[in-house]
>>> print(open('structure-v8.txt').read())   # compact mmCIF, C-alpha atoms
# COMPACT_ATOMS: atom_id res chain seq x y z
CA MET M 835 55.76 83.97 105.88
CA LYS M 836 52.26 82.48 105.94
CA ARG M 837 49.52 85.01 106.82
CA PHE M 838 46.02 84.43 108.16
CA LYS M 839 43.35 84.80 105.54
CA ILE M 840 41.71 88.03 106.57
CA ILE M 841 44.86 90.04 105.91
CA SER M 842 46.30 88.05 103.01
CA LEU M 843 46.79 90.64 100.26
CA PRO M 844 49.23 90.92 97.35
CA MET M 845 52.23 93.08 98.16
CA ASN M 846 51.38 95.58 95.45
CA ALA M 847 48.44 96.58 97.61
CA PHE M 848 50.90 98.08 100.04
CA LYS M 849 50.84 101.87 100.08
CA ILE M 850 52.90 104.20 102.16
CA GLN M 851 49.80 105.89 103.52
CA HIS M 852 48.79 102.59 105.17
CA LEU M 853 51.70 102.91 107.59
CA THR M 854 50.13 105.19 110.15
CA PHE M 855 52.80 104.55 112.74
CA ILE M 856 56.40 105.36 113.53
CA ILE M 857 59.25 103.02 114.25
CA PRO M 858 61.47 104.62 116.86
CA LEU M 859 64.71 105.57 115.17
CA LEU M 860 66.59 105.03 118.38
CA LEU M 861 66.02 101.29 118.05
CA PHE M 862 67.85 101.24 114.73
CA VAL M 863 70.27 104.13 114.62
CA SER M 864 71.73 104.43 118.10
CA ASN M 865 72.46 100.71 118.24
CA GLY M 866 74.83 101.11 115.32
CA PHE M 867 77.04 103.39 117.41
CA THR M 868 77.26 101.37 120.62
CA GLN M 869 80.26 99.28 121.54
CA THR M 870 79.31 95.60 121.85
CA PRO M 871 80.89 92.33 123.07
CA VAL M 872 81.54 91.08 119.52
CA ASP M 873 85.23 91.99 119.73
CA SER M 874 85.64 90.21 123.07
CA VAL M 875 83.97 87.13 121.60
CA LEU M 876 86.52 87.12 118.77
CA VAL M 877 89.37 87.57 121.27
CA ASN M 878 88.18 84.52 123.21
CA ILE M 879 87.78 82.46 120.05
CA THR M 880 91.30 83.42 118.97
CA LYS M 881 92.60 81.98 122.25
CA ASN M 882 90.32 78.93 122.52
CA ASN M 883 89.52 77.76 118.99
CA LYS M 884 90.92 74.28 118.47
CA SER M 885 91.59 74.77 114.76
CA ILE M 886 93.57 77.96 115.38
CA ILE M 887 95.59 76.24 118.10
CA ALA M 888 96.20 73.18 115.92
CA ASN M 889 97.16 75.30 112.91
CA SER M 890 99.56 77.35 115.01
CA THR M 891 101.24 74.21 116.33
CA TYR M 892 101.38 72.66 112.86
CA TRP M 893 103.00 75.66 111.18
CA GLU M 894 105.50 76.09 113.99
CA ALA M 895 106.51 72.49 113.36
CA LYS M 896 106.73 73.18 109.63
CA LYS M 897 109.05 76.14 110.23
CA LEU M 898 111.35 73.83 112.20
CA GLU M 899 111.14 71.35 109.34
CA TYR M 900 112.17 74.04 106.86
CA LYS M 901 115.33 74.60 108.91
CA THR M 902 116.25 70.93 108.66
CA GLY M 903 118.97 70.14 106.12
CA LEU M 904 120.74 73.49 106.27
CA THR M 905 123.85 71.92 107.80
CA PRO M 906 126.38 69.57 106.15
CA TYR M 907 125.72 65.83 106.01
CA ASN M 908 126.60 63.62 108.97
CA PRO M 909 130.26 62.57 109.11
CA ARG M 910 131.05 58.96 108.26
CA VAL M 911 133.43 56.63 110.07
CA ASP M 912 134.70 53.40 108.43
CA TYR M 913 136.81 50.71 110.16
CA ASP M 914 138.14 47.60 108.39
CA PHE M 915 140.17 44.78 109.97
CA LEU M 916 141.35 42.28 107.34
CA ILE M 917 142.98 38.94 108.30
CA GLY M 918 145.60 37.94 105.79
CA THR M 919 146.33 34.45 104.45
CA PRO M 920 148.60 32.55 104.52
CA ALA M 921 149.47 33.08 108.20
CA ASN M 922 152.61 35.04 107.50
CA ALA M 923 150.76 37.53 105.26
CA GLY M 924 149.84 39.65 108.27
CA ASN M 925 146.66 41.58 109.03
CA GLN M 926 145.50 44.90 107.61
CA THR M 927 143.70 47.70 109.45
CA ASP M 928 141.92 50.57 107.72
CA PHE M 929 140.28 53.51 109.50
CA THR M 930 138.62 56.39 107.63
CA VAL M 931 136.70 59.48 108.80
CA THR M 932 134.99 61.41 105.99
CA GLN M 933 132.74 64.44 105.71
CA SER M 934 130.63 65.17 102.64
CA PHE M 935 129.73 68.71 101.56
CA ASP M 936 127.42 70.12 98.95
CA PHE M 937 128.90 72.75 96.71
CA PRO M 938 129.17 75.94 98.87
CA THR M 939 126.43 77.86 97.00
CA VAL M 940 123.92 75.12 97.91
CA TYR M 941 123.95 76.13 101.59
CA THR M 942 123.26 79.76 100.73
CA ARG M 943 120.35 78.73 98.50
CA LYS M 944 118.94 76.40 101.15
CA LYS M 945 119.04 79.12 103.80
CA LEU M 946 117.25 81.60 101.54
CA LEU M 947 114.62 79.01 100.64
CA SER M 948 114.07 78.14 104.32
CA ASN M 949 113.51 81.79 105.22
CA GLU M 950 110.96 82.25 102.46
CA GLN M 951 109.11 79.07 103.42
CA SER M 952 108.90 80.27 107.03
CA LYS M 953 107.38 83.55 105.83
CA GLN M 954 104.83 81.62 103.82
CA ALA M 955 103.89 79.61 106.90
CA GLU M 956 102.99 82.84 108.69
CA PHE M 957 100.76 83.93 105.79
CA GLN M 958 99.01 80.57 105.74
CA LEU M 959 98.43 80.70 109.50
CA SER M 960 97.06 84.24 109.26
CA ALA M 961 94.74 83.32 106.39
CA SER M 962 93.25 80.31 108.20
CA ARG M 963 92.82 82.35 111.40
CA GLN M 964 91.00 85.11 109.50
CA GLU M 965 88.60 82.62 107.92
CA ILE M 966 87.67 81.22 111.33
CA LEU M 967 87.26 84.64 112.92
CA LEU M 968 85.21 85.91 109.98
CA GLU M 969 82.80 82.98 110.27
CA ALA M 970 82.50 83.61 114.01
CA LYS M 971 81.89 87.32 113.37
CA LEU M 972 79.18 86.57 110.82
CA ILE M 973 77.49 84.32 113.37
CA SER M 974 77.71 87.12 115.96
CA ILE M 975 76.16 89.56 113.49
CA GLU M 976 73.30 87.18 112.83
CA LEU M 977 72.85 86.73 116.57
CA VAL M 978 72.52 90.50 117.00
CA TYR M 979 69.86 90.42 114.29
CA ARG M 980 68.09 87.48 115.91
CA ASN M 981 68.22 89.06 119.37
CA LYS M 982 66.79 92.32 118.02
CA LEU M 983 64.10 90.35 116.20
CA ASN M 984 63.40 88.46 119.43
CA SER M 985 62.77 91.76 121.23
CA GLU M 986 60.49 92.87 118.43
CA LEU M 987 58.55 89.60 118.45
CA SER M 988 58.17 89.84 122.21
CA MET M 989 56.57 93.28 121.84
CA ARG M 990 54.31 91.92 119.10
CA LYS M 991 53.21 89.12 121.42
CA GLN M 992 52.43 91.53 124.22
CA ASN M 993 50.50 93.82 121.88
CA THR M 994 48.47 90.97 120.38
CA GLU M 995 47.81 89.40 123.79
CA LYS M 996 46.56 92.80 124.99
CA TRP M 997 44.05 93.06 122.17
CA LEU M 998 43.01 89.43 122.45
CA ALA M 999 42.24 89.96 126.12
CA ALA M 1000 40.31 93.14 125.30
CA PHE M 1001 38.30 91.44 122.53
CA GLN M 1002 37.58 88.45 124.76
CA THR M 1003 36.42 90.72 127.59
CA SER M 1004 34.10 92.58 125.22
CA LEU M 1005 32.76 89.30 123.90
CA ASP M 1006 32.10 88.02 127.41
CA LYS M 1007 30.16 91.22 128.14
CA GLY M 1008 28.14 90.80 124.96
CA GLN M 1009 29.64 93.91 123.37
CA GLY M 1010 32.14 92.30 120.99
CA ASN M 1011 32.08 89.62 118.32
CA ILE M 1012 33.81 86.31 117.84
CA MET M 1013 35.44 87.47 114.58
CA ASP M 1014 37.60 89.99 116.40
CA VAL M 1015 38.66 87.34 118.90
CA ASN M 1016 39.55 84.89 116.13
CA LYS M 1017 41.55 87.50 114.24
CA ALA M 1018 43.57 88.24 117.36
CA ARG M 1019 44.07 84.52 118.04
CA LEU M 1020 45.33 83.89 114.52
CA GLN M 1021 47.73 86.82 114.82
CA LEU M 1022 48.98 85.52 118.18
CA ILE M 1023 49.50 81.99 116.81
CA GLU M 1024 51.60 83.32 113.95
CA THR M 1025 53.61 85.58 116.27
CA ASN M 1026 54.23 82.74 118.74
CA THR M 1027 55.35 80.48 115.89
CA ASN M 1028 57.82 83.07 114.64
CA TYR M 1029 59.01 83.70 118.19
CA ARG M 1030 59.68 80.01 118.89
CA GLU M 1031 61.43 79.50 115.55
CA ASN M 1032 63.64 82.51 116.25
CA ILE M 1033 64.54 81.17 119.71
CA ILE M 1034 65.57 77.84 118.16
CA ILE M 1035 67.85 79.61 115.68
CA ILE M 1036 69.35 81.74 118.47
CA ASN M 1037 70.18 78.59 120.44
CA GLN M 1038 71.73 76.97 117.38
CA LEU M 1039 73.89 80.01 116.67
CA ASN M 1040 75.05 80.18 120.29
CA GLN M 1041 75.97 76.51 120.11
CA LYS M 1042 77.96 77.24 116.96
CA LEU M 1043 79.82 80.04 118.76
CA THR M 1044 80.51 77.65 121.64
CA GLU M 1045 81.98 75.19 119.13
CA PHE M 1046 84.21 77.94 117.73
CA ASN M 1047 85.24 78.80 121.29
CA GLY M 1048 86.72 75.36 121.86
CA GLY M 1049 83.64 74.04 123.66
CA ILE M 1050 83.62 76.84 126.25
CA PRO M 1051 79.99 78.04 126.42
CA ILE M 1052 79.09 81.42 124.91
CA GLN M 1053 75.64 82.95 125.37
CA PHE M 1054 75.49 85.98 123.11
CA THR M 1055 72.51 88.12 124.07
CA ASP M 1056 73.59 91.51 122.76
CA THR M 1057 71.24 93.54 120.57
CA ALA M 1058 73.72 96.18 119.36
CA TYR M 1059 76.12 96.02 116.45
CA THR M 1060 79.68 97.23 116.69
CA ARG M 1061 80.42 100.86 115.97
CA LEU M 1062 80.06 101.60 112.28
CA GLN M 1063 83.26 102.27 110.41
CA GLN M 1064 83.38 104.76 107.60
CA VAL M 1065 83.76 102.74 104.44
CA PRO M 1066 86.40 104.26 102.13
CA ASP M 1067 85.99 104.64 98.40
CA PHE M 1068 86.46 101.49 96.38
CA GLU M 1069 89.99 102.19 95.20
CA SER M 1070 91.21 102.87 98.74
CA LEU M 1071 89.41 99.76 99.99
CA ILE M 1072 90.78 97.45 97.30
CA ASN M 1073 94.30 98.74 97.91
CA ALA M 1074 93.93 98.11 101.65
CA ILE M 1075 92.59 94.60 101.05
CA VAL M 1076 95.27 93.71 98.51
CA GLY M 1077 98.00 95.09 100.74
CA ASN M 1078 96.86 93.09 103.77
CA ASP M 1079 95.46 89.91 102.22
CA PRO M 1080 97.43 86.96 103.66
CA LEU M 1081 96.16 84.58 101.00
CA ARG M 1082 97.48 86.84 98.24
CA LYS M 1083 100.77 87.11 100.12
CA PHE M 1084 100.81 83.32 100.42
CA LEU M 1085 100.42 82.96 96.65
CA GLU M 1086 103.03 85.63 95.99
CA GLN M 1087 105.34 83.79 98.34
CA GLU M 1088 104.80 80.67 96.23
CA LYS M 1089 106.45 82.54 93.37
CA VAL M 1090 109.35 83.65 95.55
CA ILE M 1091 109.81 80.11 96.82
CA GLY M 1092 109.59 78.80 93.25
CA ARG M 1093 112.44 81.07 92.15
CA ASN M 1094 114.54 79.99 95.10
CA GLU M 1095 113.83 76.34 94.33
CA ILE M 1096 115.04 76.86 90.76
CA SER M 1097 118.25 78.45 92.06
CA LEU M 1098 118.71 75.61 94.54
CA SER M 1099 118.07 72.92 91.94
CA LYS M 1100 120.70 74.49 89.68
CA ALA M 1101 123.17 74.54 92.57
CA MET M 1102 122.38 70.88 93.30
CA THR M 1103 123.69 69.96 89.84
CA LEU M 1104 127.18 70.97 90.96
CA PRO M 1105 129.60 68.30 92.34
CA LYS M 1106 129.56 67.23 95.99
CA ILE M 1107 132.88 67.24 97.82
CA GLU M 1108 134.15 64.66 100.29
CA ALA M 1109 137.13 65.18 102.62
CA GLY M 1110 138.54 63.28 105.59
CA TYR M 1111 141.29 61.30 107.30
CA HIS M 1112 142.50 57.83 106.26
CA PHE M 1113 144.67 55.51 108.43
CA GLN M 1114 146.06 52.17 107.23
CA ALA M 1115 148.25 49.60 109.01
CA ILE M 1116 149.70 46.49 107.27
CA LEU M 1117 152.73 44.23 107.93
CA GLY M 1118 153.90 46.44 110.73
CA GLN M 1119 153.77 49.53 108.64
CA GLN M 1120 151.38 52.46 109.17
CA PHE M 1121 150.09 54.94 106.67
CA ASN M 1122 147.84 57.97 107.30
CA GLY M 1123 146.82 61.02 105.36
CA VAL M 1124 144.08 63.03 103.72
CA HIS M 1125 141.05 61.51 102.01
CA LEU M 1126 139.47 63.49 99.15
CA GLY M 1127 136.52 62.61 96.94
CA MET M 1128 133.99 64.07 94.56
CA THR M 1129 130.49 63.04 93.46
CA ILE M 1130 129.86 63.55 89.75
CA PRO M 1131 126.19 64.75 89.28
CA LEU M 1132 125.23 62.78 86.18
CA TRP M 1133 121.74 61.34 86.83
CA GLU M 1134 120.46 62.11 90.35
CA ASN M 1135 118.95 65.56 89.65
CA LYS M 1136 118.12 65.14 85.98
CA ASN M 1137 115.12 67.32 84.89
CA LEU M 1138 114.86 68.85 88.39
CA VAL M 1139 115.44 72.40 87.10
CA LYS M 1140 112.81 71.99 84.36
CA THR M 1141 110.32 70.67 86.89
CA LYS M 1142 110.80 73.67 89.18
CA GLN M 1143 110.50 76.08 86.25
CA ALA M 1144 107.18 74.50 85.26
CA GLU M 1145 105.95 74.79 88.87
CA LEU M 1146 106.87 78.49 88.92
CA ILE M 1147 104.72 79.10 85.83
CA MET M 1148 101.85 77.36 87.61
CA HIS M 1149 102.32 79.54 90.73
CA GLU M 1150 102.24 82.70 88.62
CA ALA M 1151 99.02 81.57 86.95
CA ASN M 1152 97.42 80.76 90.32
CA LEU M 1153 98.26 84.22 91.63
CA GLN M 1154 96.85 86.00 88.59
CA ASP M 1155 93.69 83.90 88.68
CA TYR M 1156 93.18 84.62 92.38
CA MET M 1157 93.76 88.37 92.03
CA ASN M 1158 91.35 88.63 89.10
CA GLU M 1159 88.63 86.59 90.81
CA HIS M 1160 89.14 88.35 94.15
CA TYR M 1161 88.93 91.81 92.59
CA HIS M 1162 85.56 91.15 90.98
CA GLU M 1163 84.26 89.48 94.14
CA ILE M 1164 85.17 92.56 96.17
CA ARG M 1165 83.64 94.83 93.54
CA GLN M 1166 80.34 92.96 93.68
CA LYS M 1167 80.23 93.00 97.48
CA TYR M 1168 81.12 96.67 97.60
CA ASP M 1169 78.40 97.64 95.11
CA ARG M 1170 75.89 95.51 97.00
CA MET M 1171 76.87 97.15 100.29
CA ILE M 1172 76.46 100.65 98.83
CA SER M 1173 73.05 99.66 97.52
CA LEU M 1174 71.99 98.30 100.91
CA ASN M 1175 73.22 101.42 102.66
CA ALA M 1176 71.06 103.56 100.38
CA LEU M 1177 68.10 101.28 101.13
CA LEU M 1178 68.68 101.63 104.88
CA GLU M 1179 68.71 105.41 104.51
CA GLU M 1180 65.37 105.22 102.69
CA TYR M 1181 63.94 103.16 105.55
CA ARG M 1182 65.17 105.68 108.12
CA THR M 1183 63.74 108.59 106.14
CA LEU M 1184 60.42 106.81 105.81
CA PHE M 1185 60.24 105.92 109.49
CA SER M 1186 60.99 109.49 110.52
CA THR M 1187 57.97 110.84 108.60
CA LEU M 1188 55.36 108.39 109.88
CA ASN M 1189 52.91 108.90 112.72
CA ASN M 1190 53.31 107.18 116.07
CA VAL M 1191 52.14 103.59 116.39
CA GLU M 1192 50.09 104.62 119.40
CA LEU M 1193 47.78 106.45 117.01
CA LEU M 1194 46.86 103.14 115.42
CA ASP M 1195 45.97 101.66 118.81
CA LYS M 1196 43.88 104.71 119.70
CA SER M 1197 42.09 104.55 116.37
CA LEU M 1198 41.08 100.96 117.04
CA SER M 1199 40.11 101.75 120.64
CA PHE M 1200 37.86 104.61 119.53
CA GLY M 1201 36.33 102.56 116.73
CA GLN M 1202 37.76 104.75 113.99
CA ILE M 1203 39.14 101.70 112.16
CA THR M 1204 37.97 98.10 112.03
CA THR M 1205 39.85 95.12 113.39
CA ILE M 1206 40.64 94.03 109.84
CA GLU M 1207 42.13 97.44 109.07
CA TYR M 1208 44.13 97.39 112.29
CA PHE M 1209 45.72 93.99 111.68
CA LEU M 1210 46.28 94.87 108.04
CA GLU M 1211 48.23 97.95 109.10
CA MET M 1212 50.10 95.90 111.68
CA SER M 1213 51.07 93.35 109.01
CA PHE M 1214 52.62 96.16 106.95
CA TYR M 1215 54.42 97.31 110.07
CA TYR M 1216 55.79 93.84 110.71
CA GLU M 1217 56.91 93.41 107.12
CA ALA M 1218 58.65 96.78 107.16
CA ILE M 1219 60.52 96.20 110.38
CA ASN M 1220 61.47 92.64 109.34
CA SER M 1221 62.85 93.92 106.05
CA TYR M 1222 64.80 96.64 107.80
CA LEU M 1223 66.37 94.29 110.33
CA LYS M 1224 67.29 91.76 107.66
CA THR M 1225 68.74 94.45 105.39
CA GLU M 1226 70.74 95.82 108.30
CA MET M 1227 72.14 92.34 109.02
CA GLU M 1228 73.09 91.75 105.39
CA TYR M 1229 74.79 95.16 105.26
CA ARG M 1230 76.80 94.34 108.38
CA LYS M 1231 77.80 90.95 107.02
CA LEU M 1232 79.02 92.44 103.75
CA MET M 1233 81.02 95.03 105.66
CA ALA M 1234 82.56 92.29 107.83
CA GLU M 1235 83.56 90.32 104.73
CA LEU M 1236 85.13 93.36 103.07
CA LEU M 1237 87.04 94.27 106.24
CA LYS M 1238 88.15 90.70 106.93
CA TYR M 1239 91.78 91.78 106.49
CA GLN M 1240 91.49 93.68 109.79
CA LEU M 1241 90.80 90.52 111.81
>>> encode(input="structure-v8.txt", output="structure tokens")
Amino acid sequence: MKRFKIISLPMNAFKIQHLTFIIPLLLFVSNGFTQTPVDSVLVNITKNNKSIIANSTYWEAKKLEYKTGLTPYNPRVDYDFLIGTPANAGNQTDFTVTQSFDFPTVYTRKKLLSNEQSKQAEFQLSASRQEILLEAKLISIELVYRNKLNSELSMRKQNTEKWLAAFQTSLDKGQGNIMDVNKARLQLIETNTNYRENIIIINQLNQKLTEFNGGIPIQFTDTAYTRLQQVPDFESLINAIVGNDPLRKFLEQEKVIGRNEISLSKAMTLPKIEAGYHFQAILGQQFNGVHLGMTIPLWENKNLVKTKQAELIMHEANLQDYMNEHYHEIRQKYDRMISLNALLEEYRTLFSTLNNVELLDKSLSFGQITTIEYFLEMSFYYEAINSYLKTEMEYRKLMAELLKYQL
């Protein structure tokens, strides 16, 4: 953030004793324990999001597709009328109705495979829905941060405008100096710039939420986060995530499906059976009886079993790679979240030991500190509160990512 020259100092010049003010703890702590509309926003997005609706329709269609082919082949009807020559040779009529069947074990294997594929469709649908809801929740969290920052910037504007008016009045009466007025103007310009930029980002985030809500407008103005959940120890958390992770279940289901495909491909190498009725009429004589046939599986499914076995090895490797990568990703986020939580506690402890900000205003009013000292202290105040709000947002986002399995 660019600062006006009179208060531009290196950060190592910052000392705790410069912060002669207090940040009301109620602004930061009580908000963490207030129920907010975030959950209702996610409920609406679940109902209205076009991608969720499209994915649901698509996977329902896929489950119907998986059930296709579980029945025997269509029956076949053949009719032949043959005119004989010479004329006294007579005509011949042939009529055949046949039904082809796979070997009986094939139908059992197909049914098992279909059931497992339908389960996988549910995992895929759940995983895609969670990704969409998580992104929407992260936007909501940032909006809470932006709305809280907007309130803070509004108070900064009012405070700076108050002092600018006071300095200008003193100058008009011949009791002040132009330097104080200029310092206040520079501070107000910077605050107004930050305020306008924050408003633009708020509008963009609300537009993004509206997009997630299927185009139905959402104006998220809340300044309170959802109620804090007690984060379990890492082992309990990782077990909960692994046990409820739809993407992991999807990859595990790939292995189950792969095994069923191997069993099915082996069954498909067995002969197909054909049975039916055959009628024949020639020279005034009629013949009818049973038609039987068999398909010898010599070339059609060659190498199919080997192909499915190779695919199963690939699925197992994909699962192991995902679990390894996911574990370390969760570990890093968890450690980062614990670190941020400790930092937030340090902020709260610091804020609780500082004097009231009104003291700083009184000190300036009574001439106990200069204008430069006042705005220098205020810059430390702004930096502290900005850091706290941003840290709080990052902490909430990490928590949302770790608890994504609950969405």
>>> atom_distance(input="structure-v8.txt", atom1="atom CA of M:Ala1151", atom2="atom CA of M:Glu1134")
29.2 Å
>>> closest_atom_pairs(input="structure-v8.txt", of="stretch 1195-1217 of chain M", to="stretch 1019-1022 of chain M", cutoff="12 Å", atoms="only C-alpha atoms", output="CSV")
residue,atom,partner,partner_atom,distance
M:Thr1205,CA,M:Gln1021,CA,11.5
M:Ile1206,CA,M:Gln1021,CA,11.3
M:Tyr1208,CA,M:Gln1021,CA,11.4
M:Phe1209,CA,M:Gln1021,CA,8.1
M:Leu1210,CA,M:Gln1021,CA,10.6
M:Met1212,CA,M:Gln1021,CA,9.9
M:Ser1213,CA,M:Gln1021,CA,9.4
M:Tyr1216,CA,M:Gln1021,CA,11.5
>>> closest_residue(input="structure-v8.txt", among="M:Val940, M:Leu1178, M:Ile886, M:Ala1058", to="M:Pro871", atoms="all atoms listed in the file")
M:Ala1058
>>> closest_residue(input="structure-v8.txt", among="M:Ser1197, M:Leu876, M:Asn1220, M:Thr1204", to="M:Tyr1181", atoms="all atoms listed in the file")
M:Asn1220
>>> closest_residue(input="structure-v8.txt", among="M:Arg1030, M:Arg980, M:Arg963, M:Arg1170", to="M:Ala888", atoms="all atoms listed in the file")
M:Arg963
>>> closest_atom_pairs(input="structure-v8.txt", of="stretch 1078-1137 of chain M", to="stretch 909-918 of chain M", cutoff="12 Å", atoms="all atoms listed in the file", output="Markdown table")
| residue | atom | partner | partner_atom | distance |
| --- | --- | --- | --- | --- |
| M:Glu1108 | CA | M:Pro909 | CA | 9.9 |
| M:Ala1109 | CA | M:Pro909 | CA | 9.8 |
| M:Gly1110 | CA | M:Pro909 | CA | 9.0 |
| M:Tyr1111 | CA | M:Val911 | CA | 9.6 |
| M:His1112 | CA | M:Asp912 | CA | 9.2 |
| M:Phe1113 | CA | M:Tyr913 | CA | 9.4 |
| M:Gln1114 | CA | M:Asp914 | CA | 9.2 |
| M:Ala1115 | CA | M:Phe915 | CA | 9.5 |
| M:Ile1116 | CA | M:Leu916 | CA | 9.4 |
| M:Leu1117 | CA | M:Gly918 | CA | 9.7 |
>>> closest_residue(input="structure-v8.txt", among="M:Lys896, M:Lys945, M:Lys971, M:Lys953", to="M:Lys1238", atoms="only C-alpha atoms")
M:Lys971
